[in-house]
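input_20.cif, holding mmCIF, C-alpha atoms:
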```cif
data_work
#
loop_
_atom_site.label_atom_id
_atom_site.label_comp_id
_atom_site.auth_asym_id
_atom_site.auth_seq_id
_atom_site.Cartn_x
_atom_site.Cartn_y
_atom_site.Cartn_z
CA MET A 272 2.48 -18.06 34.49
CA ALA A 273 0.59 -20.04 31.98
CA ILE A 274 -2.48 -17.95 32.54
CA ALA A 275 -0.31 -15.12 31.43
CA SER A 276 0.84 -17.03 28.42
CA CYS A 277 -2.57 -17.07 26.89
CA PHE A 278 -3.09 -13.79 25.14
CA PHE A 279 -5.29 -12.70 22.33
CA CYS A 280 -6.10 -15.89 20.46
CA VAL A 281 -9.66 -15.39 19.34
CA PRO A 282 -12.11 -18.04 20.51
CA THR A 283 -14.48 -19.41 17.95
CA PRO A 284 -17.23 -21.97 18.39
CA ASN A 285 -14.75 -24.64 17.33
CA THR A 286 -11.84 -23.39 19.39
CA SER A 287 -11.06 -24.84 22.81
CA ILE A 288 -10.04 -22.09 25.17
CA SER A 289 -7.33 -22.76 27.73
CA GLU A 290 -4.77 -20.66 29.54
CA SER A 291 -2.53 -20.98 26.53
CA ASN A 292 -4.99 -19.69 23.98
CA LEU A 293 -7.33 -17.35 25.87
CA THR A 294 -7.81 -13.87 24.55
CA TRP A 295 -6.46 -11.63 27.31
CA PRO A 296 -9.17 -10.47 28.06
CA HIS A 297 8.44 4.17 61.24
CA LEU A 298 11.16 3.96 61.98
CA ALA A 299 11.48 3.01 65.80
CA SER A 300 13.15 5.40 68.13
CA PHE A 301 16.64 3.98 68.19
CA PRO A 302 19.78 6.12 68.19
CA ARG A 303 21.47 6.29 64.84
CA LEU A 304 24.38 3.94 64.48
CA SER A 305 27.11 3.80 61.96
CA SER A 306 29.42 1.02 61.03
CA SER A 307 32.21 2.84 62.88
CA SER A 308 30.26 2.92 66.13
CA SER A 309 32.03 1.33 69.07
CA PHE A 310 30.30 -1.07 71.39
CA ASN A 311 31.31 -0.26 74.96
CA GLY A 312 28.42 -2.02 76.58
CA VAL A 313 28.53 -5.65 77.58
CA ILE A 314 26.76 -7.89 75.15
CA SER A 315 25.60 -11.07 76.77
CA ALA A 316 25.84 -14.44 75.17
CA LYS A 317 22.09 -14.59 75.40
CA SER A 318 21.72 -11.79 72.93
CA ILE A 319 24.31 -12.75 70.36
CA SER A 320 27.25 -14.89 69.57
CA PHE A 321 30.01 -13.34 67.49
CA ASN A 322 32.15 -16.41 67.06
CA ARG A 323 30.43 -17.49 63.90
CA ARG A 324 28.64 -16.09 60.93
CA VAL A 325 24.93 -16.50 60.70
CA PRO A 326 24.09 -18.84 57.84
CA ILE A 327 22.55 -17.19 54.84
CA SER A 328 19.63 -19.56 54.70
CA PRO A 329 17.10 -19.85 56.06
CA VAL A 330 16.62 -16.15 56.66
CA PHE A 331 13.30 -16.13 58.42
CA SER A 332 11.42 -17.12 61.54
CA ALA A 333 8.23 -18.93 60.75
CA SER A 334 5.82 -16.65 62.51
CA ILE A 335 2.15 -17.19 61.86
CA GLY A 336 -1.03 -16.05 63.45
CA ASN A 337 -1.27 -14.04 66.63
CA GLY A 338 2.33 -13.06 66.96
CA GLY A 339 3.46 -16.61 67.62
CA SER A 340 6.72 -17.78 66.16
CA ASP A 341 8.46 -20.98 65.29
CA ASN A 342 11.82 -19.27 65.06
CA ILE A 343 13.84 -20.80 62.30
CA GLY A 344 16.21 -17.90 61.82
CA GLY A 345 16.81 -17.31 65.53
CA GLY A 346 15.04 -15.08 68.03
CA HIS A 347 11.53 -15.10 69.33
CA GLY A 348 9.72 -13.61 66.39
CA GLY A 349 8.63 -10.45 68.17
CA GLY A 350 5.06 -9.38 68.46
CA GLY A 351 2.99 -11.68 70.57
CA ASP A 352 0.28 -9.05 71.04
CA GLY A 353 -2.21 -10.73 68.81
CA GLY A 354 -4.38 -8.40 66.80
CA LYS A 355 -2.47 -5.36 68.08
CA ASN A 356 0.63 -6.45 66.25
CA ASN A 357 1.22 -4.15 63.33
CA GLY A 358 3.53 -6.46 61.45
CA ASP A 359 6.64 -4.65 62.64
CA GLY A 360 6.99 -6.81 65.72
CA GLU A 361 7.61 -5.74 69.31
CA GLY A 362 10.59 -8.02 70.04
CA GLY A 363 12.95 -5.55 71.69
CA GLU A 364 15.48 -8.25 72.57
CA ASP A 365 15.40 -9.67 69.06
CA ARG A 366 15.82 -6.21 67.55
CA ASN A 367 18.76 -5.33 69.79
CA ARG A 368 20.42 -8.59 68.83
CA ASN A 369 19.71 -8.03 65.16
CA ARG A 370 21.12 -4.52 65.22
CA ASN A 371 24.31 -5.48 67.10
CA GLU A 372 24.84 -8.51 64.89
CA VAL A 373 24.46 -6.55 61.68
CA MET A 374 26.76 -3.75 62.82
CA LEU A 375 29.53 -6.27 63.54
CA LEU A 376 29.04 -7.91 60.15
CA LEU A 377 29.28 -4.55 58.40
CA LYS A 378 32.39 -3.62 60.38
CA GLU A 379 34.00 -6.97 59.56
CA SER A 380 33.24 -6.56 55.87
CA GLY A 381 34.44 -2.94 55.78
CA THR A 382 31.02 -1.68 54.71
CA GLU A 383 29.82 1.69 55.96
CA LEU A 384 26.18 1.95 57.02
CA GLU A 385 25.90 5.22 55.10
CA SER A 386 26.84 3.41 51.88
CA LEU A 387 23.77 1.15 52.05
CA PRO A 388 20.41 1.99 50.47
CA LYS A 389 18.48 4.32 52.76
CA ASP A 390 15.61 1.92 53.38
CA LEU A 391 17.98 -0.92 54.28
CA ALA A 392 20.04 1.33 56.58
CA ALA A 393 16.86 2.51 58.34
CA ALA A 394 15.70 -1.09 58.81
CA ILE A 395 19.12 -1.99 60.28
CA GLU A 396 18.99 0.94 62.72
CA SER A 397 15.52 -0.11 63.86
CA GLY A 398 16.70 -3.71 64.36
CA ARG A 399 14.32 -5.20 61.81
CA ILE A 400 17.03 -6.92 59.78
CA PRO A 401 18.94 -9.99 61.06
CA GLY A 402 22.54 -10.70 60.12
CA SER A 403 21.54 -13.43 57.68
CA VAL A 404 19.89 -10.84 55.43
CA ILE A 405 23.02 -8.69 55.42
CA ASN A 406 25.12 -11.75 54.59
CA ARG A 407 22.89 -12.30 51.59
CA PHE A 408 23.06 -8.63 50.63
CA LEU A 409 26.87 -8.68 50.69
CA GLU A 410 26.91 -11.86 48.58
CA LEU A 411 24.53 -10.41 46.01
CA GLN A 412 26.63 -7.26 45.79
CA LYS A 413 29.41 -9.32 44.24
CA SER A 414 27.35 -9.72 41.07
CA ALA A 415 27.15 -6.73 38.76
CA VAL A 416 23.65 -7.71 37.61
CA MET A 417 22.33 -8.24 41.12
CA ARG A 418 23.99 -5.04 42.31
CA TRP A 419 22.21 -3.13 39.56
CA LEU A 420 18.84 -4.75 40.27
CA MET A 421 19.10 -4.00 43.97
CA GLN A 422 19.04 -0.31 43.17
CA PHE A 423 15.29 -0.82 42.76
CA ALA A 424 13.36 -1.18 46.03
CA GLY A 425 11.00 -3.89 44.80
CA PHE A 426 13.77 -6.12 43.48
CA ARG A 427 15.91 -5.43 46.55
CA GLU A 428 13.15 -6.63 48.91
CA ARG A 429 12.58 -9.78 46.87
CA LEU A 430 16.22 -10.71 46.24
CA LEU A 431 17.04 -10.33 49.94
CA ALA A 432 14.23 -12.79 50.68
CA ASP A 433 15.09 -15.20 47.86
CA ASP A 434 18.36 -15.14 45.95
CA LEU A 435 16.71 -17.32 43.28
CA PHE A 436 13.95 -14.80 42.63
CA LEU A 437 15.50 -13.66 39.37
CA ALA A 438 15.87 -17.25 38.19
CA LYS A 439 12.22 -17.97 38.96
CA LEU A 440 11.17 -14.84 37.13
CA SER A 441 13.20 -15.94 34.11
CA MET A 442 11.63 -19.41 34.24
CA GLU A 443 8.11 -18.05 34.15
CA CYS A 444 8.73 -15.50 31.43
CA GLY A 445 10.80 -17.92 29.32
CA VAL A 446 8.18 -20.65 29.42
CA GLY A 447 5.52 -18.01 28.84
CA ILE A 448 7.17 -16.84 25.62
CA PHE A 449 7.45 -20.41 24.34
CA THR A 450 3.91 -21.52 25.19
CA LYS A 451 2.30 -18.30 23.97
CA THR A 452 4.17 -18.32 20.67
CA ALA A 453 3.24 -21.97 20.17
CA ALA A 454 -0.40 -21.19 20.89
CA GLU A 455 -0.34 -18.28 18.46
CA TYR A 456 1.12 -20.47 15.72
CA GLU A 457 -1.41 -23.22 16.36
CA ARG A 458 -4.23 -20.72 16.08
CA ARG A 459 -3.01 -18.83 13.01
CA ARG A 460 -1.05 -21.49 11.08
CA GLU A 461 -0.38 -20.17 7.57
CA ASN A 462 -1.29 -16.63 8.61
CA PHE A 463 1.26 -16.58 11.45
CA PHE A 464 3.91 -14.60 9.61
CA ASN A 465 1.33 -12.36 7.98
CA GLU A 466 0.04 -11.36 11.40
CA LEU A 467 3.34 -10.93 13.23
CA GLU A 468 2.39 -7.49 14.56
CA VAL A 469 -0.57 -8.92 16.45
CA VAL A 470 1.45 -11.96 17.55
CA PHE A 471 4.17 -9.69 18.92
CA ALA A 472 1.62 -7.60 20.83
CA ASP A 473 0.03 -10.77 22.24
CA VAL A 474 3.36 -12.19 23.43
CA ALA A 475 4.55 -8.87 24.86
CA MET A 476 1.38 -8.48 26.94
CA ALA A 477 1.66 -12.11 28.08
CA ILE A 478 5.21 -11.49 29.34
CA ILE A 479 4.01 -8.47 31.33
CA ALA A 480 1.31 -10.55 32.98
CA ASP A 481 3.75 -13.43 33.66
CA PHE A 482 6.11 -10.94 35.31
CA MET A 483 3.39 -9.60 37.59
CA LEU A 484 2.23 -13.10 38.54
CA VAL A 485 5.72 -13.89 39.86
CA TYR A 486 6.60 -10.42 41.19
CA LEU A 487 3.51 -9.57 43.25
CA PRO A 488 3.10 -12.78 45.34
CA ALA A 489 6.87 -13.24 45.93
CA PRO A 490 8.02 -13.26 49.61
CA THR A 491 9.94 -10.12 50.59
CA VAL A 492 12.15 -8.61 53.26
CA SER A 493 10.01 -5.58 53.96
CA LEU A 494 12.05 -2.38 53.95
CA ARG A 495 9.11 -0.02 53.58
CA PRO A 496 9.12 2.94 56.00
CA PRO A 497 6.00 3.39 58.16
CA LEU A 498 3.16 5.50 56.86
CA ALA A 499 2.49 8.99 58.17
CA LEU A 500 0.46 9.22 61.37
CA THR A 501 -2.29 10.91 59.40
CA ALA A 502 -2.76 7.87 57.14
CA GLY A 503 -6.09 6.08 57.36
CA GLY A 504 -6.61 2.83 59.20
CA ILE A 505 -7.19 0.80 56.05
CA SER A 506 -4.02 2.13 54.42
CA LYS A 507 -2.00 1.33 57.55
CA PHE A 508 -3.44 -2.17 57.71
CA PHE A 509 -2.57 -3.10 54.15
CA HIS A 510 0.82 -1.36 54.43
CA ASN A 511 1.74 -3.72 57.29
CA CYS A 512 0.58 -6.88 55.51
CA PRO A 513 3.24 -9.20 54.05
CA ASP A 514 3.61 -9.49 50.31
CA ASN A 515 3.02 -13.22 50.46
CA ALA A 516 0.35 -14.54 52.82
CA PHE A 517 2.40 -17.64 53.67
CA GLN A 518 5.91 -16.18 53.82
CA ILE A 519 8.10 -16.84 56.87
CA ALA A 520 8.50 -13.71 59.03
CA LEU A 521 11.90 -12.24 59.82
CA SER A 522 13.30 -12.68 63.31
CA GLY A 523 11.90 -9.81 65.37
CA THR A 524 8.77 -9.57 63.21
CA SER A 525 5.46 -11.38 63.14
CA TYR A 526 2.21 -11.21 61.21
CA THR A 527 -1.29 -11.86 62.47
CA LEU A 528 -3.67 -14.14 60.67
CA LEU A 529 -5.72 -11.11 59.63
CA GLN A 530 -2.64 -9.49 58.08
CA ARG A 531 -1.91 -12.63 56.11
CA LEU A 532 -5.46 -12.69 54.82
CA GLY A 533 -4.99 -9.03 53.94
CA ALA A 534 -2.03 -10.00 51.75
CA ILE A 535 -4.30 -12.22 49.69
CA THR A 536 -6.87 -9.46 49.32
CA ARG A 537 -4.31 -6.81 48.36
CA ASN A 538 -2.57 -8.97 45.77
CA GLY A 539 -5.92 -10.10 44.44
CA ALA A 540 -6.92 -6.51 43.78
CA LYS A 541 -3.64 -5.83 41.99
CA LEU A 542 -3.90 -8.96 39.84
CA PHE A 543 -7.50 -8.15 38.96
CA ALA A 544 -6.32 -4.80 37.61
CA VAL A 545 -3.46 -6.46 35.71
CA GLY A 546 -5.65 -9.15 34.19
CA THR A 547 -8.51 -6.87 33.25
CA THR A 548 -6.29 -4.21 31.73
CA SER A 549 -4.23 -6.73 29.76
CA SER A 550 -7.34 -8.39 28.43
CA LEU A 551 -8.92 -5.07 27.46
CA VAL A 552 -5.86 -4.08 25.46
CA GLY A 553 -5.37 -7.51 23.90
CA THR A 554 -8.99 -8.09 23.01
CA ALA A 555 -9.34 -4.62 21.50
CA ILE A 556 -6.29 -5.16 19.30
CA THR A 557 -7.52 -8.57 18.19
CA ASN A 558 -11.02 -7.34 17.38
CA ALA A 559 -9.61 -4.41 15.43
CA PHE A 560 -7.49 -6.80 13.40
CA ILE A 561 -10.47 -9.05 12.70
CA LYS A 562 -12.58 -6.14 11.50
CA ALA A 563 -9.78 -4.88 9.26
CA ARG A 564 -9.38 -8.33 7.77
CA ARG A 565 -13.07 -8.57 7.05
CA ALA A 566 -13.00 -5.21 5.29
CA VAL A 567 -10.25 -6.41 2.99
CA ASP A 568 -11.37 -9.99 2.51
CA GLN A 569 -15.12 -10.32 2.27
CA THR A 570 -14.86 -14.11 2.11
CA SER A 571 -13.62 -14.18 5.71
CA GLU A 572 -16.91 -12.73 6.94
CA GLY A 573 -18.24 -14.98 9.69
CA GLU A 574 -15.20 -17.25 9.75
CA ILE A 575 -13.82 -15.67 12.92
CA GLU A 576 -16.00 -14.14 15.58
CA THR A 577 -15.06 -11.00 17.46
CA VAL A 578 -14.61 -11.31 21.22
CA PRO A 579 -16.85 -9.54 23.78
CA ILE A 580 -14.31 -7.16 25.25
CA VAL A 581 -15.78 -6.18 28.64
CA SER A 582 -17.12 -9.57 29.75
CA THR A 583 -13.98 -11.42 28.68
CA SER A 584 -11.69 -8.87 30.35
CA VAL A 585 -13.58 -8.83 33.65
CA ALA A 586 -13.79 -12.62 33.65
CA TYR A 587 -10.05 -12.94 33.17
CA GLY A 588 -9.38 -10.31 35.86
CA VAL A 589 -11.50 -12.29 38.33
CA TYR A 590 -9.68 -15.48 37.39
CA MET A 591 -6.26 -13.90 38.04
CA ALA A 592 -7.45 -12.33 41.32
CA VAL A 593 -8.72 -15.64 42.68
CA SER A 594 -7.19 -18.71 41.06
CA SER A 595 -3.86 -17.32 39.91
CA ASN A 596 -3.41 -15.29 43.10
CA LEU A 597 -3.94 -18.23 45.44
CA ARG A 598 -1.89 -20.69 43.40
CA TYR A 599 1.13 -18.42 43.06
CA GLN A 600 0.97 -17.46 46.75
CA VAL A 601 1.05 -21.14 47.72
CA VAL A 602 3.83 -21.97 45.26
CA ALA A 603 6.12 -19.14 46.43
CA GLY A 604 5.27 -19.04 50.15
CA VAL A 605 4.59 -22.67 51.02
CA ILE A 606 6.11 -25.06 48.50
CA GLU A 607 9.28 -23.13 47.69
CA GLN A 608 10.09 -21.11 50.84
CA ARG A 609 8.78 -23.44 53.54
CA LEU A 610 9.35 -26.88 51.99
CA LEU A 611 12.00 -26.87 49.29
CA GLU A 612 14.42 -24.15 50.45
CA PRO A 613 15.03 -25.50 53.98
CA MET A 614 15.92 -28.90 52.48
CA LEU A 615 17.95 -27.76 49.48
CA HIS A 616 19.34 -24.31 50.33
CA GLN A 617 22.89 -25.65 49.91
CA HIS A 618 22.03 -27.31 46.59
CA LYS A 619 20.94 -24.42 44.40
CA LEU A 620 20.91 -26.40 41.15
CA ALA A 621 18.57 -29.06 42.53
CA LEU A 622 16.43 -26.38 44.14
CA SER A 623 16.15 -24.51 40.86
CA ALA A 624 15.18 -27.68 39.01
CA LEU A 625 12.45 -28.52 41.50
CA CYS A 626 11.16 -24.96 41.42
CA PHE A 627 10.98 -25.18 37.63
CA ALA A 628 9.03 -28.45 37.86
CA VAL A 629 6.62 -27.05 40.44
CA ARG A 630 5.98 -23.92 38.43
CA THR A 631 5.45 -25.89 35.24
CA GLY A 632 2.92 -28.05 37.07
CA ASN A 633 1.21 -24.93 38.33
CA THR A 634 0.98 -23.73 34.75
CA PHE A 635 -0.69 -26.94 33.61
CA LEU A 636 -3.11 -26.88 36.55
CA GLY A 637 -4.00 -23.29 35.76
CA SER A 638 -4.84 -24.24 32.18
CA LEU A 639 -7.22 -26.95 33.33
CA LEU A 640 -8.87 -24.67 35.86
CA TRP A 641 -9.31 -21.95 33.26
CA VAL A 642 -11.17 -24.24 30.88
CA ASP A 643 -13.62 -25.26 33.61
CA TYR A 644 -14.07 -21.63 34.69
CA ALA A 645 -14.58 -20.37 31.14
CA ARG A 646 -17.22 -22.99 30.46
CA LEU A 647 -18.95 -22.33 33.78
CA ILE A 648 -19.45 -18.62 33.07
CA GLY A 649 -20.29 -19.17 29.41
CA ILE A 650 -17.39 -17.58 27.57
CA GLN A 651 -16.36 -20.94 26.16
CA LYS A 652 -18.73 -23.43 24.66
CA SER A 653 -18.61 -27.10 25.61
CA HIS A 654 -18.32 -29.51 22.73
#
```
structure tokens encoding of this file:
Amino acid sequence: MAIASCFFCVPTPNTSISESNLTWPHLASFPRLSSSSSFNGVISAKSISFNRRVPISPVFSASIGNGGSDNIGGGHGGGGDGGKNNGDGEGGEDRNRNRNEVMLLLKESGTELESLPKDLAAAIESGRIPGSVINRFLELQKSAVMRWLMQFAGFRERLLADDLFLAKLSMECGVGIFTKTAAEYERRRENFFNELEVVFADVAMAIIADFMLVYLPAPTVSLRPPLALTAGGISKFFHNCPDNAFQIALSGTSYTLLQRLGAITRNGAKLFAVGTTSSLVGTAITNAFIKARRAVDQTSEGEIETVPIVSTSVAYGVYMAVSSNLRYQVVAGVIEQRLLEPMLHQHKLALSALCFAVRTGNTFLGSLLWVDYARLIGIQKSH
């Protein structure tokens, strides 16, 4: 977050650069079911119990590595075929239970399968979604804002995995606006209001980067359909990777260690593109402003140095791909989902407060790491 809150302030020999003042540089072959389908077969107690609702949280089974599973959300985690596991899991028993459980929940709530988003309905038919996810979906549907956001596939996948995702996104962007504006004022002082256009551009680009830093590494309930059979092996591999390397897998699904490493690589590539592009735009705008100022005010010649656009942009892209990527993956997948949520899922206010504290600490740590990195590669001078 804080790395994103560090746009366009121009470094000078006497300016300390930190993250707050850096220039930004397949569906399975199951018969189609509907919520009106009748269940004439005998469902054993082993597969499902209908006498109680499945708790909304936790939603997942903690499956890591070669298809193994420490099943928190119920079931056996699927898979178990090591490197052959494609991330969709092979747990037929788990999937049958999931599908039957969800269909009863939909029938009880009066919700038709055909009324659900197509990707969610397909995942239900294939047995990839446990009842706890549908409970969360039905709860979120009660809010007009959440109902609107869940029209978008990316938000739908993230809100079904974490009903506090929107709050966390707001935390990051809100703190980002405050810290970036403060950094801009500290850098410009009496010229702050005279340079509002540049300040606005800096803050706007910082918010975009903050958004991506929260959005991309966030755990998800994957609703993506399988790729075409003609897709390449690399595309299929990354398609089946989780969005967060450390996220807990849904019951009936598991991820291999290689797929989890692939999540880090894929997000790193995306964040490199975000960081580099943001820095290119921001640095170009800042340099253009500096040159225009020099043309008008000859006395300002040499007071402020222009920023090397390419080197600064690439350096910041690498920093986001490595440091920011790993830190935000750990925060969202380990600290929040695996540690805090299981303990405080019934105490949302306390959970939100702790998440805010953790993310603020992550911001501060990122600032310190950026200073060391900037000095190491020579884009900031030591004093």
Point to revise | Expected selection from the PyMOL selection byres ((chain A and resi 399-411) around 7), given as a PyMOL selection string | key: chain A and resi 325-327+330+366+369+372-373+394-395+397-398+412-414+417-418+431+522-523
Only C-alpha atoms, please: the residues just picked out, written as an mmCIF file, keeping the file's coordinate frame.
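Output (result_39.cif):
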```cif
data_model
loop_
_atom_site.group_PDB
_atom_site.id
_atom_site.type_symbol
_atom_site.label_atom_id
_atom_site.label_comp_id
_atom_site.auth_asym_id
_atom_site.auth_seq_id
_atom_site.Cartn_x
_atom_site.Cartn_y
_atom_site.Cartn_z
ATOM 1 C CA VAL A 325 24.930 -16.500 60.700
ATOM 2 C CA PRO A 326 24.090 -18.840 57.840
ATOM 3 C CA ILE A 327 22.550 -17.190 54.840
ATOM 4 C CA VAL A 330 16.620 -16.150 56.660
ATOM 5 C CA ARG A 366 15.820 -6.210 67.550
ATOM 6 C CA ASN A 369 19.710 -8.030 65.160
ATOM 7 C CA GLU A 372 24.840 -8.510 64.890
ATOM 8 C CA VAL A 373 24.460 -6.550 61.680
ATOM 9 C CA ALA A 394 15.700 -1.090 58.810
ATOM 10 C CA ILE A 395 19.120 -1.990 60.280
ATOM 11 C CA SER A 397 15.520 -0.110 63.860
ATOM 12 C CA GLY A 398 16.700 -3.710 64.360
ATOM 13 C CA GLN A 412 26.630 -7.260 45.790
ATOM 14 C CA LYS A 413 29.410 -9.320 44.240
ATOM 15 C CA SER A 414 27.350 -9.720 41.070
ATOM 16 C CA MET A 417 22.330 -8.240 41.120
ATOM 17 C CA ARG A 418 23.990 -5.040 42.310
ATOM 18 C CA LEU A 431 17.040 -10.330 49.940
ATOM 19 C CA SER A 522 13.300 -12.680 63.310
ATOM 20 C CA GLY A 523 11.900 -9.810 65.370
#
```
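Note that CA of Leu521 in chain A and CA of Leu484 in chain A are 23.4 Å apart.
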Practice item. Excluding Leu542 in chain A and residues on its chain fewer than 6 positions from it, collect all residues at most 10 Å away from it, counting only C-alpha atoms, and give them as a ChimeraX atom specification. Key: /A:480,483-484,487-488,536,548,587-593,595-596
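Taking CA of Leu620 in chain A and CA of Asp433 in chain A as the two end points, the separation is 14.3 Å.
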**Study point:** Selection result of the PyMOL selection byres ((chain A and resi 511) around 12) on this file, as a PyMOL selection string
**Key:** chain A and resi 297+355-360+493-498+504-510+512-516+524-527+529-534+537
Exercise for review: Have a look at CA of Gly546 in chain A and CA of Ile478 in chain A and let me know their distance in Å, one decimal.
Suggested key: 12.1 Å
